[in-house]
Amino acid sequence: MQSRPVHPEISIVVPTLNEADGLERLFSTLEAQREVTLELVIADGGSTDETVQRARTLAASTPFAAKVIETGRGRGRQMNAGAAAAASDTLLFLHADSFFPDPLALRSALDSLVREIAAGKSGRVAGHFRLRFHRSTTGPSLPYYFYEWKARLHRPGCIHGDQGLLLTRDFFAEAGPFHESCPILEDVRLAGRIAELGEWFLLPAEIVTSARRFEVEGLRERQTLNAIIMNFAALGDDALLAELPRLYATQDRTGRLALGAALARINGMIRGLTRGERRRLWRETGRYVRANAWQIPFFLDVRRNFKRGAPVGQGSMPLLRLHDRIFDRLTDNRLGRGISMMLTRLWFRLSPAREPLTPPSGQDPPRRG
C-alpha cells in the first residue's frame, strides 16, 4: 500500500445509509483517480446493514486517507459532520453511488476551481460535474437526456447533490452549513445559498450517478413528486415540507411509486390548512410555476437537439432565449401568476388518486438519483 498524504488536496465527503453493496465501486473509482492527493470521509447515518464495517475494512487498505464516522441520521447532519472531520481546505460532497469515468476528473476539477477563483479574485465559487445517469438499459432516452441537459444549467433548482458539489472550506463556512431541520432538499438549499453569495460553474469531467430510484419508482412519477416538493420548499413552508418524507422509502426498499395516492395525501395536507393558508399556498404556487415556465421551451429545444443526435449540453436553444427575452417579461405580473395558479390547481384536481401508496411511512428519504 502506498503512503498516504499528510494534507490532502481535496476531502470527499460521502453520506451513507445502507450502502454496503456499493462501497467497493466508490473506493475503486477514487483509487483510479490520478495526479491528486485525496481524503475520503464517510459519514454514516445509522446503517442497519454492513455499511460501516465494510467501509472501515476498505478504508484500511486504500492508498489514500480514509475515515469512517458515525452520526445522527439525515444527509445534512451527516455532511456537516463529515466536513468538520475533513482535513483539506477543499471539499467535495459526493453520493455513494456516483463514480467518475475519467481518472483525471478530480485533478481537472481542482484546477478549474483554482482558475475560477483566480479569475474572479474571490473564493465565492463552487463547481458541479456534468451529470450522466447509469441506467440498466442502453439506448437513447429523451427523458434522461433532458434531465442530464438540465443538470448542466445554473438556474434555480437545477443543481443537486448527485452532480457533486465542490467548493472551498471557507466558502462552505460562509454559505453553509447544510440545513439539518428537514431531512430532504439540503443540497438544493445550499445550492441556492451559493448562488446568492457567489457563482456556480460547470466542471469539465462527467459524473455518473445511478438511476435506480427512477427506474424502480418510475421517472415520470418521481420527477412529478420532486417538482411538488420543490414547490413547497420554494414557499418556505417547513411545516408542510416536513410531512413529505413519508412519501419516500429508504433506498434499498423502494417500489413503484403510486403517484395518485401520493397526490391524494398531499391534497389531504392542503385541506388541513386554514382558508388563508390555502389561499397563500396557491398564490405562491402560481408564482413558483410561472417562474419555472422556462422548462417548457427548454424541453422543446432539448427534444430538437435529441432528435438531431447532439451530445448532452450541445445544441442551440432558440425557444429558451425567446422565453427569457419576451415571454418571461410578459408574464411576470399578477395576471401571469394568476393564470399559472389556476392551471396548476386544475391539473391537481384532475390528477388520479386511486392507487395505494407503495412506500411505507415514517422513513427518511434517500437521495435523488
# chains A, B, ... in the order shown; residues from 1 in each chain; ligands from 1
>>> residues_around(residues="Ile10 (chain A)", least_positions_apart="5", cutoff="6 Å", atoms="only C-alpha atoms", output="number ranges by chain")
A: 38, 88, 90-91
>>> residues_around(residues="region 288-294 of chain A", least_positions_apart="6", cutoff="7 Å", atoms="only C-alpha atoms", output="PDB file with all heavy atoms, in the first residue's frame")
ATOM      1  N   ASN A 231     -41.666  22.843  -5.016  1.00  0.00           N
ATOM      2  CA  ASN A 231     -42.604  23.961  -4.869  1.00  0.00           C
ATOM      3  C   ASN A 231     -42.801  24.306  -3.398  1.00  0.00           C
ATOM      4  O   ASN A 231     -42.734  25.469  -3.005  1.00  0.00           O
ATOM      5  CB  ASN A 231     -43.936  23.606  -5.516  1.00  0.00           C
ATOM      6  CG  ASN A 231     -44.984  24.673  -5.299  1.00  0.00           C
ATOM      7  OD1 ASN A 231     -44.836  25.806  -5.736  1.00  0.00           O
ATOM      8  ND2 ASN A 231     -46.060  24.318  -4.604  1.00  0.00           N
ATOM      9  N   LEU A 320     -35.770  28.842 -25.730  1.00  0.00           N
ATOM     10  CA  LEU A 320     -35.456  29.274 -24.369  1.00  0.00           C
ATOM     11  C   LEU A 320     -35.017  30.734 -24.355  1.00  0.00           C
ATOM     12  O   LEU A 320     -35.428  31.504 -23.477  1.00  0.00           O
ATOM     13  CB  LEU A 320     -34.361  28.383 -23.773  1.00  0.00           C
ATOM     14  CG  LEU A 320     -33.946  28.707 -22.337  1.00  0.00           C
ATOM     15  CD1 LEU A 320     -35.136  28.601 -21.388  1.00  0.00           C
ATOM     16  CD2 LEU A 320     -32.809  27.793 -21.885  1.00  0.00           C
ATOM     17  N   HIS A 323     -38.077  32.819 -24.759  1.00  0.00           N
ATOM     18  CA  HIS A 323     -38.819  32.885 -23.494  1.00  0.00           C
ATOM     19  C   HIS A 323     -38.186  33.906 -22.560  1.00  0.00           C
ATOM     20  O   HIS A 323     -38.883  34.744 -21.974  1.00  0.00           O
ATOM     21  CB  HIS A 323     -38.852  31.515 -22.823  1.00  0.00           C
ATOM     22  CG  HIS A 323     -39.322  31.556 -21.397  1.00  0.00           C
ATOM     23  ND1 HIS A 323     -38.463  31.801 -20.344  1.00  0.00           N
ATOM     24  CD2 HIS A 323     -40.556  31.422 -20.845  1.00  0.00           C
ATOM     25  CE1 HIS A 323     -39.149  31.800 -19.216  1.00  0.00           C
ATOM     26  NE2 HIS A 323     -40.412  31.580 -19.493  1.00  0.00           N
ATOM     27  N   ARG A 337     -49.128  35.277 -13.040  1.00  0.00           N
ATOM     28  CA  ARG A 337     -49.076  34.392 -11.876  1.00  0.00           C
ATOM     29  C   ARG A 337     -50.450  33.803 -11.576  1.00  0.00           C
ATOM     30  O   ARG A 337     -50.558  32.646 -11.150  1.00  0.00           O
ATOM     31  CB  ARG A 337     -48.533  35.165 -10.673  1.00  0.00           C
ATOM     32  CG  ARG A 337     -47.060  35.552 -10.821  1.00  0.00           C
ATOM     33  CD  ARG A 337     -46.510  36.139  -9.543  1.00  0.00           C
ATOM     34  NE  ARG A 337     -47.037  37.489  -9.291  1.00  0.00           N
ATOM     35  CZ  ARG A 337     -46.483  38.607  -9.734  1.00  0.00           C
ATOM     36  NH1 ARG A 337     -45.387  38.551 -10.484  1.00  0.00           N
ATOM     37  NH2 ARG A 337     -46.994  39.788  -9.443  1.00  0.00           N
ATOM     38  N   SER A 340     -51.107  30.944 -14.006  1.00  0.00           N
ATOM     39  CA  SER A 340     -50.307  29.786 -13.590  1.00  0.00           C
ATOM     40  C   SER A 340     -50.952  29.088 -12.400  1.00  0.00           C
ATOM     41  O   SER A 340     -50.997  27.861 -12.328  1.00  0.00           O
ATOM     42  CB  SER A 340     -48.886  30.233 -13.236  1.00  0.00           C
ATOM     43  OG  SER A 340     -48.218  30.751 -14.364  1.00  0.00           O
TER      44      SER A 340
END
>>> closest_residue(among="A:Ile159, A:Ile12, A:Leu203, A:Ala118", to="Ala191 (chain A)", atoms="only C-alpha atoms")
A:Ile159
>>> residues_around(residues="Glu206 (chain A)", least_positions_apart="6", cutoff="9 Å", atoms="only C-alpha atoms", output="list in words")
Phe99, Phe100, Pro101, Asp102, Ala105, Phe129, Arg130, Leu131, Arg132 and Gln163 of chain A
>>> residues_around(residues="region 212-229 of chain A", least_positions_apart="3", cutoff="6 Å", atoms="only C-alpha atoms", output="PyMOL selection string")
chain A and resi 232+255-257+259+369
>>> write_last_selection(atoms="C-alpha atoms", output="short mmCIF file (atom, residue, chain, number, x, y, z; two decimals), in the first residue's frame")
data_model
loop_
_atom_site.label_atom_id
_atom_site.label_comp_id
_atom_site.auth_asym_id
_atom_site.auth_seq_id
_atom_site.Cartn_x
_atom_site.Cartn_y
_atom_site.Cartn_z
CA PHE A 232 -43.21 23.54 -1.14
CA GLY A 255 -41.03 0.13 -5.09
CA ARG A 256 -43.15 1.56 -7.86
CA LEU A 257 -44.35 4.97 -6.73
CA LEU A 259 -48.32 8.91 -7.77
CA GLY A 369 -30.62 9.65 -8.13
#
>>> decode(residues="region 298-324 of chain A", atoms="N, CA and C atoms", output="mmCIF file, in the first residue's frame")
data_model
loop_
_atom_site.group_PDB
_atom_site.id
_atom_site.type_symbol
_atom_site.label_atom_id
_atom_site.label_comp_id
_atom_site.auth_asym_id
_atom_site.auth_seq_id
_atom_site.Cartn_x
_atom_site.Cartn_y
_atom_site.Cartn_z
ATOM 1 N N PHE A 298 -37.475 25.093 -22.946
ATOM 2 C CA PHE A 298 -36.217 24.358 -22.793
ATOM 3 C C PHE A 298 -36.378 22.914 -23.245
ATOM 4 N N PHE A 299 -37.479 22.280 -22.843
ATOM 5 C CA PHE A 299 -37.731 20.904 -23.260
ATOM 6 C C PHE A 299 -37.866 20.798 -24.772
ATOM 7 N N LEU A 300 -38.566 21.735 -25.395
ATOM 8 C CA LEU A 300 -38.734 21.699 -26.848
ATOM 9 C C LEU A 300 -37.395 21.848 -27.557
ATOM 10 N N ASP A 301 -36.536 22.711 -27.050
ATOM 11 C CA ASP A 301 -35.191 22.854 -27.623
ATOM 12 C C ASP A 301 -34.380 21.579 -27.435
ATOM 13 N N VAL A 302 -34.471 21.009 -26.237
ATOM 14 C CA VAL A 302 -33.728 19.784 -25.941
ATOM 15 C C VAL A 302 -34.211 18.638 -26.831
ATOM 16 N N ARG A 303 -35.522 18.539 -27.015
ATOM 17 C CA ARG A 303 -36.059 17.470 -27.864
ATOM 18 C C ARG A 303 -35.546 17.597 -29.298
ATOM 19 N N ARG A 304 -35.468 18.812 -29.801
ATOM 20 C CA ARG A 304 -34.940 19.013 -31.156
ATOM 21 C C ARG A 304 -33.466 18.588 -31.234
ATOM 22 N N ASN A 305 -32.684 18.952 -30.238
ATOM 23 C CA ASN A 305 -31.281 18.553 -30.224
ATOM 24 C C ASN A 305 -31.122 17.044 -30.070
ATOM 25 N N PHE A 306 -32.028 16.436 -29.304
ATOM 26 C CA PHE A 306 -32.004 14.981 -29.127
ATOM 27 C C PHE A 306 -32.259 14.275 -30.452
ATOM 28 N N LYS A 307 -33.259 14.746 -31.196
ATOM 29 C CA LYS A 307 -33.576 14.134 -32.490
ATOM 30 C C LYS A 307 -32.440 14.297 -33.486
ATOM 31 N N ARG A 308 -31.672 15.352 -33.342
ATOM 32 C CA ARG A 308 -30.542 15.582 -34.229
ATOM 33 C C ARG A 308 -29.292 14.827 -33.801
ATOM 34 N N GLY A 309 -29.360 14.159 -32.658
ATOM 35 C CA GLY A 309 -28.228 13.376 -32.187
ATOM 36 C C GLY A 309 -27.134 14.191 -31.545
ATOM 37 N N ALA A 310 -27.453 15.397 -31.087
ATOM 38 C CA ALA A 310 -26.446 16.241 -30.446
ATOM 39 C C ALA A 310 -26.097 15.693 -29.068
ATOM 40 N N PRO A 311 -24.824 15.728 -28.679
ATOM 41 C CA PRO A 311 -24.448 15.312 -27.328
ATOM 42 C C PRO A 311 -25.119 16.188 -26.277
ATOM 43 N N VAL A 312 -25.277 15.653 -25.088
ATOM 44 C CA VAL A 312 -25.875 16.419 -23.994
ATOM 45 C C VAL A 312 -25.059 17.687 -23.757
ATOM 46 N N GLY A 313 -25.751 18.797 -23.669
ATOM 47 C CA GLY A 313 -25.082 20.066 -23.418
ATOM 48 C C GLY A 313 -24.700 20.830 -24.672
ATOM 49 N N GLN A 314 -24.940 20.226 -25.833
ATOM 50 C CA GLN A 314 -24.583 20.889 -27.083
ATOM 51 C C GLN A 314 -25.840 21.087 -27.936
ATOM 52 N N GLY A 315 -25.871 22.195 -28.655
ATOM 53 C CA GLY A 315 -27.023 22.498 -29.491
ATOM 54 C C GLY A 315 -27.602 23.861 -29.134
ATOM 55 N N SER A 316 -28.349 24.432 -30.040
ATOM 56 C CA SER A 316 -28.904 25.768 -29.848
ATOM 57 C C SER A 316 -30.152 25.729 -28.978
ATOM 58 N N MET A 317 -30.488 26.866 -28.377
ATOM 59 C CA MET A 317 -31.641 26.994 -27.502
ATOM 60 C C MET A 317 -32.462 28.223 -27.903
ATOM 61 N N PRO A 318 -32.976 28.278 -29.129
ATOM 62 C CA PRO A 318 -33.687 29.484 -29.576
ATOM 63 C C PRO A 318 -34.978 29.750 -28.811
ATOM 64 N N LEU A 319 -35.743 28.709 -28.500
ATOM 65 C CA LEU A 319 -37.005 28.920 -27.792
ATOM 66 C C LEU A 319 -36.777 29.371 -26.361
ATOM 67 N N LEU A 320 -35.770 28.842 -25.730
ATOM 68 C CA LEU A 320 -35.456 29.274 -24.369
ATOM 69 C C LEU A 320 -35.017 30.734 -24.355
ATOM 70 N N ARG A 321 -34.208 31.121 -25.313
ATOM 71 C CA ARG A 321 -33.791 32.520 -25.394
ATOM 72 C C ARG A 321 -34.993 33.429 -25.647
ATOM 73 N N LEU A 322 -35.914 32.967 -26.506
ATOM 74 C CA LEU A 322 -37.118 33.739 -26.780
ATOM 75 C C LEU A 322 -37.965 33.902 -25.514
ATOM 76 N N HIS A 323 -38.077 32.819 -24.759
ATOM 77 C CA HIS A 323 -38.819 32.885 -23.494
ATOM 78 C C HIS A 323 -38.186 33.906 -22.560
ATOM 79 N N ASP A 324 -36.873 33.820 -22.380
ATOM 80 C CA ASP A 324 -36.195 34.711 -21.439
ATOM 81 C C ASP A 324 -36.306 36.171 -21.877
#
